[in-house]
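Colleague: See model35.cif below, with mmCIF, N, CA, C and O atoms.
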data_coords
#
loop_
_atom_site.label_atom_id
_atom_site.label_comp_id
_atom_site.auth_asym_id
_atom_site.auth_seq_id
_atom_site.Cartn_x
_atom_site.Cartn_y
_atom_site.Cartn_z
N MET D 1 -8.25 11.83 14.59
CA MET D 1 -8.45 10.46 14.19
C MET D 1 -9.25 9.75 15.26
O MET D 1 -8.98 9.89 16.44
N ARG D 2 -10.22 8.97 14.82
CA ARG D 2 -11.09 8.27 15.74
C ARG D 2 -10.46 6.96 16.20
O ARG D 2 -9.81 6.26 15.43
N VAL D 3 -10.62 6.65 17.46
CA VAL D 3 -10.12 5.38 18.00
C VAL D 3 -11.19 4.31 17.81
O VAL D 3 -12.37 4.55 18.05
N ASP D 4 -10.75 3.14 17.35
CA ASP D 4 -11.68 2.04 17.12
C ASP D 4 -11.94 1.33 18.44
O ASP D 4 -11.07 0.66 18.98
N THR D 5 -13.14 1.49 18.98
CA THR D 5 -13.51 0.85 20.25
C THR D 5 -14.14 -0.51 20.04
O THR D 5 -14.40 -1.22 20.99
N GLY D 6 -14.39 -0.87 18.79
CA GLY D 6 -15.03 -2.15 18.49
C GLY D 6 -16.55 -2.07 18.50
O GLY D 6 -17.22 -3.04 18.23
N LYS D 7 -17.08 -0.91 18.88
CA LYS D 7 -18.54 -0.72 18.88
C LYS D 7 -18.91 0.09 17.66
O LYS D 7 -18.32 1.12 17.38
N TYR D 8 -19.88 -0.40 16.91
CA TYR D 8 -20.28 0.25 15.68
C TYR D 8 -21.72 0.74 15.80
O TYR D 8 -22.51 0.16 16.54
N PRO D 9 -22.06 1.78 15.08
CA PRO D 9 -23.45 2.26 15.12
C PRO D 9 -24.42 1.19 14.66
O PRO D 9 -24.04 0.23 13.97
N GLU D 10 -25.65 1.35 15.01
CA GLU D 10 -26.68 0.38 14.65
C GLU D 10 -26.80 0.29 13.13
O GLU D 10 -26.77 1.29 12.43
N GLY D 11 -26.88 -0.91 12.63
CA GLY D 11 -27.02 -1.12 11.20
C GLY D 11 -25.69 -1.39 10.49
O GLY D 11 -25.67 -1.72 9.32
N VAL D 12 -24.57 -1.25 11.21
CA VAL D 12 -23.26 -1.51 10.62
C VAL D 12 -22.84 -2.92 11.00
O VAL D 12 -22.80 -3.30 12.17
N ASP D 13 -22.52 -3.72 9.99
CA ASP D 13 -22.13 -5.11 10.21
C ASP D 13 -20.66 -5.18 10.61
O ASP D 13 -19.78 -4.81 9.82
N PRO D 14 -20.33 -5.62 11.84
CA PRO D 14 -18.93 -5.66 12.28
C PRO D 14 -18.07 -6.60 11.44
O PRO D 14 -16.88 -6.36 11.26
N VAL D 15 -18.66 -7.65 10.90
CA VAL D 15 -17.89 -8.58 10.05
C VAL D 15 -17.46 -7.87 8.77
O VAL D 15 -16.32 -8.01 8.32
N ARG D 16 -18.35 -7.07 8.22
CA ARG D 16 -18.02 -6.32 7.01
C ARG D 16 -16.91 -5.31 7.28
O ARG D 16 -16.02 -5.12 6.46
N VAL D 17 -16.97 -4.67 8.44
CA VAL D 17 -15.94 -3.70 8.81
C VAL D 17 -14.58 -4.40 8.91
O VAL D 17 -13.57 -3.90 8.41
N LYS D 18 -14.56 -5.57 9.54
CA LYS D 18 -13.30 -6.32 9.67
C LYS D 18 -12.76 -6.73 8.31
O LYS D 18 -11.56 -6.66 8.06
N ARG D 19 -13.65 -7.14 7.41
CA ARG D 19 -13.21 -7.53 6.06
C ARG D 19 -12.65 -6.34 5.31
O ARG D 19 -11.65 -6.46 4.59
N LEU D 20 -13.30 -5.19 5.44
CA LEU D 20 -12.80 -4.00 4.76
C LEU D 20 -11.45 -3.55 5.31
O LEU D 20 -10.59 -3.10 4.56
N LYS D 21 -11.27 -3.69 6.61
CA LYS D 21 -9.98 -3.35 7.20
C LYS D 21 -8.89 -4.28 6.67
O LYS D 21 -7.78 -3.83 6.36
N LEU D 22 -9.20 -5.56 6.59
CA LEU D 22 -8.24 -6.52 6.05
C LEU D 22 -7.93 -6.21 4.59
O LEU D 22 -6.76 -6.21 4.18
N LEU D 23 -8.97 -5.93 3.82
CA LEU D 23 -8.77 -5.59 2.42
C LEU D 23 -7.90 -4.34 2.26
O LEU D 23 -7.03 -4.29 1.40
N SER D 24 -8.11 -3.36 3.11
CA SER D 24 -7.30 -2.13 3.02
C SER D 24 -5.84 -2.40 3.35
O SER D 24 -4.94 -1.84 2.74
N LYS D 25 -5.60 -3.29 4.32
CA LYS D 25 -4.21 -3.63 4.66
C LYS D 25 -3.54 -4.39 3.52
O LYS D 25 -2.37 -4.14 3.19
N VAL D 26 -4.27 -5.32 2.91
CA VAL D 26 -3.72 -6.08 1.78
C VAL D 26 -3.44 -5.15 0.60
O VAL D 26 -2.38 -5.24 -0.05
N ALA D 27 -4.35 -4.23 0.33
CA ALA D 27 -4.17 -3.28 -0.78
C ALA D 27 -2.96 -2.38 -0.53
O ALA D 27 -2.18 -2.11 -1.45
N THR D 28 -2.80 -1.92 0.70
CA THR D 28 -1.66 -1.08 1.04
C THR D 28 -0.35 -1.85 0.86
O THR D 28 0.62 -1.34 0.29
N PHE D 29 -0.33 -3.10 1.32
CA PHE D 29 0.88 -3.92 1.20
C PHE D 29 1.24 -4.16 -0.27
O PHE D 29 2.40 -4.03 -0.66
N THR D 30 0.25 -4.49 -1.10
CA THR D 30 0.55 -4.75 -2.51
C THR D 30 0.98 -3.47 -3.23
O THR D 30 1.83 -3.53 -4.12
N CYS D 31 0.44 -2.33 -2.84
CA CYS D 31 0.85 -1.06 -3.44
C CYS D 31 2.31 -0.77 -3.10
O CYS D 31 3.09 -0.40 -3.98
N ILE D 32 2.68 -0.94 -1.85
CA ILE D 32 4.07 -0.73 -1.44
C ILE D 32 4.98 -1.72 -2.16
O ILE D 32 6.06 -1.35 -2.65
N LEU D 33 4.56 -2.97 -2.26
CA LEU D 33 5.35 -3.99 -2.94
C LEU D 33 5.56 -3.63 -4.41
O LEU D 33 6.64 -3.83 -4.96
N MET D 34 4.54 -3.07 -5.04
CA MET D 34 4.65 -2.68 -6.44
C MET D 34 5.72 -1.60 -6.62
O MET D 34 6.57 -1.70 -7.50
N TYR D 35 5.70 -0.59 -5.76
CA TYR D 35 6.68 0.48 -5.89
C TYR D 35 8.09 0.00 -5.55
O TYR D 35 9.06 0.39 -6.19
N VAL D 36 8.22 -0.86 -4.55
CA VAL D 36 9.53 -1.39 -4.18
C VAL D 36 10.09 -2.24 -5.31
O VAL D 36 11.31 -2.25 -5.56
N SER D 37 9.24 -2.94 -6.04
CA SER D 37 9.73 -3.81 -7.11
C SER D 37 10.34 -2.99 -8.26
O SER D 37 11.12 -3.53 -9.05
N TYR D 38 9.99 -1.72 -8.37
CA TYR D 38 10.55 -0.88 -9.43
C TYR D 38 11.90 -0.27 -9.08
O TYR D 38 12.56 0.30 -9.94
N ILE D 39 12.34 -0.38 -7.84
CA ILE D 39 13.60 0.26 -7.43
C ILE D 39 14.78 -0.23 -8.26
O ILE D 39 15.57 0.59 -8.73
N PRO D 40 14.98 -1.54 -8.48
CA PRO D 40 16.13 -1.97 -9.29
C PRO D 40 16.09 -1.39 -10.72
O PRO D 40 17.13 -1.02 -11.27
N GLU D 41 14.91 -1.31 -11.30
CA GLU D 41 14.79 -0.77 -12.65
C GLU D 41 15.16 0.71 -12.68
O GLU D 41 15.86 1.17 -13.59
N ILE D 42 14.71 1.44 -11.70
CA ILE D 42 15.02 2.87 -11.62
C ILE D 42 16.52 3.07 -11.43
O ILE D 42 17.13 3.93 -12.07
N MET D 43 17.13 2.25 -10.58
CA MET D 43 18.58 2.37 -10.35
C MET D 43 19.34 2.05 -11.64
O MET D 43 20.33 2.71 -11.95
N ALA D 44 18.89 1.04 -12.38
CA ALA D 44 19.57 0.69 -13.63
C ALA D 44 19.46 1.83 -14.64
O ALA D 44 20.43 2.15 -15.34
N LEU D 45 18.31 2.44 -14.73
CA LEU D 45 18.14 3.56 -15.66
C LEU D 45 19.00 4.75 -15.26
O LEU D 45 19.54 5.44 -16.13
N ARG D 46 19.15 4.99 -13.99
CA ARG D 46 19.99 6.11 -13.54
C ARG D 46 21.46 5.84 -13.88
O ARG D 46 22.19 6.75 -14.23
N GLN D 47 21.88 4.57 -13.79
CA GLN D 47 23.26 4.23 -14.15
C GLN D 47 23.50 4.50 -15.63
O GLN D 47 24.53 5.02 -16.03
N VAL D 48 22.55 4.14 -16.47
CA VAL D 48 22.68 4.38 -17.91
C VAL D 48 22.75 5.87 -18.19
O VAL D 48 23.57 6.31 -18.99
N GLU D 49 21.93 6.66 -17.53
CA GLU D 49 21.96 8.10 -17.73
C GLU D 49 23.29 8.70 -17.29
O GLU D 49 23.83 9.58 -17.96
N LEU D 50 23.86 8.21 -16.20
CA LEU D 50 25.13 8.72 -15.73
C LEU D 50 26.25 8.38 -16.73
O LEU D 50 27.13 9.20 -17.00
N ILE D 51 26.21 7.19 -17.28
CA ILE D 51 27.23 6.77 -18.27
C ILE D 51 27.11 7.62 -19.52
O ILE D 51 28.11 8.05 -20.10
N ASP D 52 25.88 7.88 -19.97
CA ASP D 52 25.67 8.69 -21.17
C ASP D 52 26.15 10.13 -20.96
O ASP D 52 26.64 10.76 -21.91
N LEU D 53 26.04 10.65 -19.76
CA LEU D 53 26.49 12.01 -19.50
C LEU D 53 28.00 12.13 -19.56
O LEU D 53 28.54 13.14 -19.98
N LEU D 54 28.71 11.08 -19.15
CA LEU D 54 30.17 11.11 -19.17
C LEU D 54 30.64 10.86 -20.59
O LEU D 54 31.50 11.35 -21.13
#
Show me the file's structure as structure tokens.
Modeller:
Amino acid sequence: MRVDTGKYPEGVDPVRVKRLKLLSKVATFTCILMYVSYIPEIMALRQVELIDLL
């Protein structure tokens, strides 16, 4: 993995790089939030399945 030294090759806009990094962090956070929001629903469905088995 490459370490970010803050120096970019010629022709690369550092502002664009910062925006893309921010966008990637926001996308990662919303993805995790989406999966976490399904946990109660999954738990409820597992309870129903357990009751049906008994």
Colleague: Find the distance between atom N of Met43 in chain D and atom O of Lys25 in chain D and write it in Å to one decimal.
Modeller: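 Pair atom N of Met43 in chain D / atom O of Lys25 in chain D returns 24.7 Å.
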Colleague: Can you tell me how far atom O of Lys7 in chain D sits from atom O of Ala27 in chain D, in Å to one decimal?
Modeller: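 Taking atom O of Lys7 in chain D and atom O of Ala27 in chain D, their separation equals 25.0 Å.
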Colleague: Just how far from atom O of Phe29 in chain D is atom O of Thr5 in chain D, in Å to one decimal?
Modeller: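 Value for the atom O of Thr5 in chain D-atom O of Phe29 in chain D distance: 27.5 Å.
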Colleague: Put a box with edges along x, y and z around all the listed atoms of range 23-31 of chain D, pad it by 6 Å on each side, then give me its centre and sizes in Å, one decimal, as lines of an AutoDock Vina configuration file.
Modeller:
center_x = -2.9
center_y = -3.2
center_z = 0.3
size_x = 24.1
size_y = 17.7
size_z = 20.8
